[in-house]
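Student: The structure is given below, and queries will be raised subsequently.
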Amino acid sequence: MRFNIALLPEDETFAQRLCGYAQTYLRDAADGYLLGDRALPHVTLCQFRAEDARAAFALFQSWAHPEECIIRLTSFYVRPAHQGKLWAGFHVLPTPGLLWLQRRCHLHLQANGLRSLTRARPYMPHVTLGLLSTKPDAPLPKPHGIAPLRAVNCIPGVGISTENGAFVERLG
């Protein structure tokens, strides 16, 4: 099974706004991943494969991670993905603390004999809104309530992930 160690927004209203934005403006172009269609807002630290959810949760519990982490969204992006598709989302400010946390996550996987499915470097922290088959026709409006550089408190978590990286179920 595929799992994801990620930062999850504590503010439910903020998470709902991200999902609402994706659902409102990207649904028609979405292809295989859309925030809100079971996919939870998150910033991936590491993805990995484990035998089952119990093993993945035990691995996460054995990691000395912080209780919380602050992220800041910087800008919206649409960039090439695979097979002619496009990723859409928000970049997250790559602070030294966030880069250090992601590196520690990779090292924890390695120390436990697991290979990360995500590259350790270069790390581009982001919140994915969706995987698109086409670029949106019209320019997208500025998202209400998702202000750039607003501090968003997140908590580390582990969950089940799809092959496209959608965080679909939190464990624990």
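So you can find residues: chains in the structure tokens are A, B, ... in the order shown, residues in each start at 1, and ligands are numbered from 1 in order.
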Per residue of segment 61-153 of chain A within 12 Å of segment 24-28 of chain A, which atom pair is closest and at what distance in Å (one decimal), using only C-alpha atoms, listed by chain and increasing number, as CSV?

Tutor:
```
residue,atom,partner,partner_atom,distance
A:Val78,CA,A:Leu26,CA,11.1
A:Leu86,CA,A:Leu26,CA,11.3
A:Trp87,CA,A:Leu26,CA,10.8
A:Ala88,CA,A:Leu26,CA,8.6
A:Gly89,CA,A:Leu26,CA,10.3
A:Thr128,CA,A:Leu26,CA,11.5
A:Leu129,CA,A:Leu26,CA,8.1
A:Gly130,CA,A:Leu26,CA,7.2
A:Leu131,CA,A:Leu26,CA,9.0
A:Leu132,CA,A:Leu26,CA,7.7
A:Ser133,CA,A:Asp28,CA,9.1
A:Thr134,CA,A:Asp28,CA,9.1
A:Lys135,CA,A:Leu26,CA,9.1
A:Pro136,CA,A:Leu26,CA,7.0
A:Asp137,CA,A:Asp28,CA,10.0
A:Ala138,CA,A:Tyr25,CA,9.5
A:Pro139,CA,A:Tyr25,CA,9.8
A:Leu140,CA,A:Tyr25,CA,7.1
A:Pro141,CA,A:Tyr25,CA,8.6
A:Lys142,CA,A:Tyr25,CA,10.8
A:Pro143,CA,A:Tyr25,CA,10.0
```

Student: Mind dumping a table of every segment 3-56 of chain A residue within 12 Å of segment 114-125 of chain A, with the nearest atom pair and its distance in Å to one decimal, using only C-alpha atoms, sorted by chain and rising number, as a tab-separated table?

Tutor:
```
residue	atom	partner	partner_atom	distance
A:Phe3	CA	A:Leu117	CA	9.5
A:Asn4	CA	A:Leu117	CA	9.3
A:Ile5	CA	A:Ser116	CA	10.2
A:Ala6	CA	A:Pro125	CA	10.4
A:Leu7	CA	A:Pro125	CA	10.2
A:His42	CA	A:Pro125	CA	9.9
A:Val43	CA	A:Pro125	CA	6.4
A:Thr44	CA	A:Pro125	CA	7.2
A:Leu45	CA	A:Pro125	CA	8.0
A:Cys46	CA	A:Thr118	CA	5.8
A:Gln47	CA	A:Leu117	CA	5.1
A:Phe48	CA	A:Ser116	CA	4.9
A:Arg49	CA	A:Leu114	CA	7.6
A:Ala50	CA	A:Leu114	CA	8.0
A:Glu51	CA	A:Leu114	CA	11.0
A:Ala55	CA	A:Leu114	CA	11.5
A:Ala56	CA	A:Leu114	CA	10.6
```

Student: Using atom CA of Arg150 of chain A and atom CA of Leu73 of chain A as the two end points, give the distance in Å to one decimal.

Tutor: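 Distance reported for this atom pair: 6.8 Å.
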
Student: Could you tell me, as a PyMOL selection string, which residues of chain A DSSP assigns to helix (DSSP H, G or I) when given the backbone?

Tutor: chain A and resi 12-29+53-61+96-111

Student: Identify all residues of segment 20-137 of chain A in strand (DSSP E or B) (DSSP on the backbone) and supply them as an MDAnalysis selection string.

Tutor: chainID A and resid 30:35 39 43:49 69:80 86:92 126:132

Student: Using only C-alpha atoms, which residue out of A:Gly159, A:Asn153, A:Arg79, A:Ala166 lies closest to Ala53 of chain A?

Tutor: A:Gly159
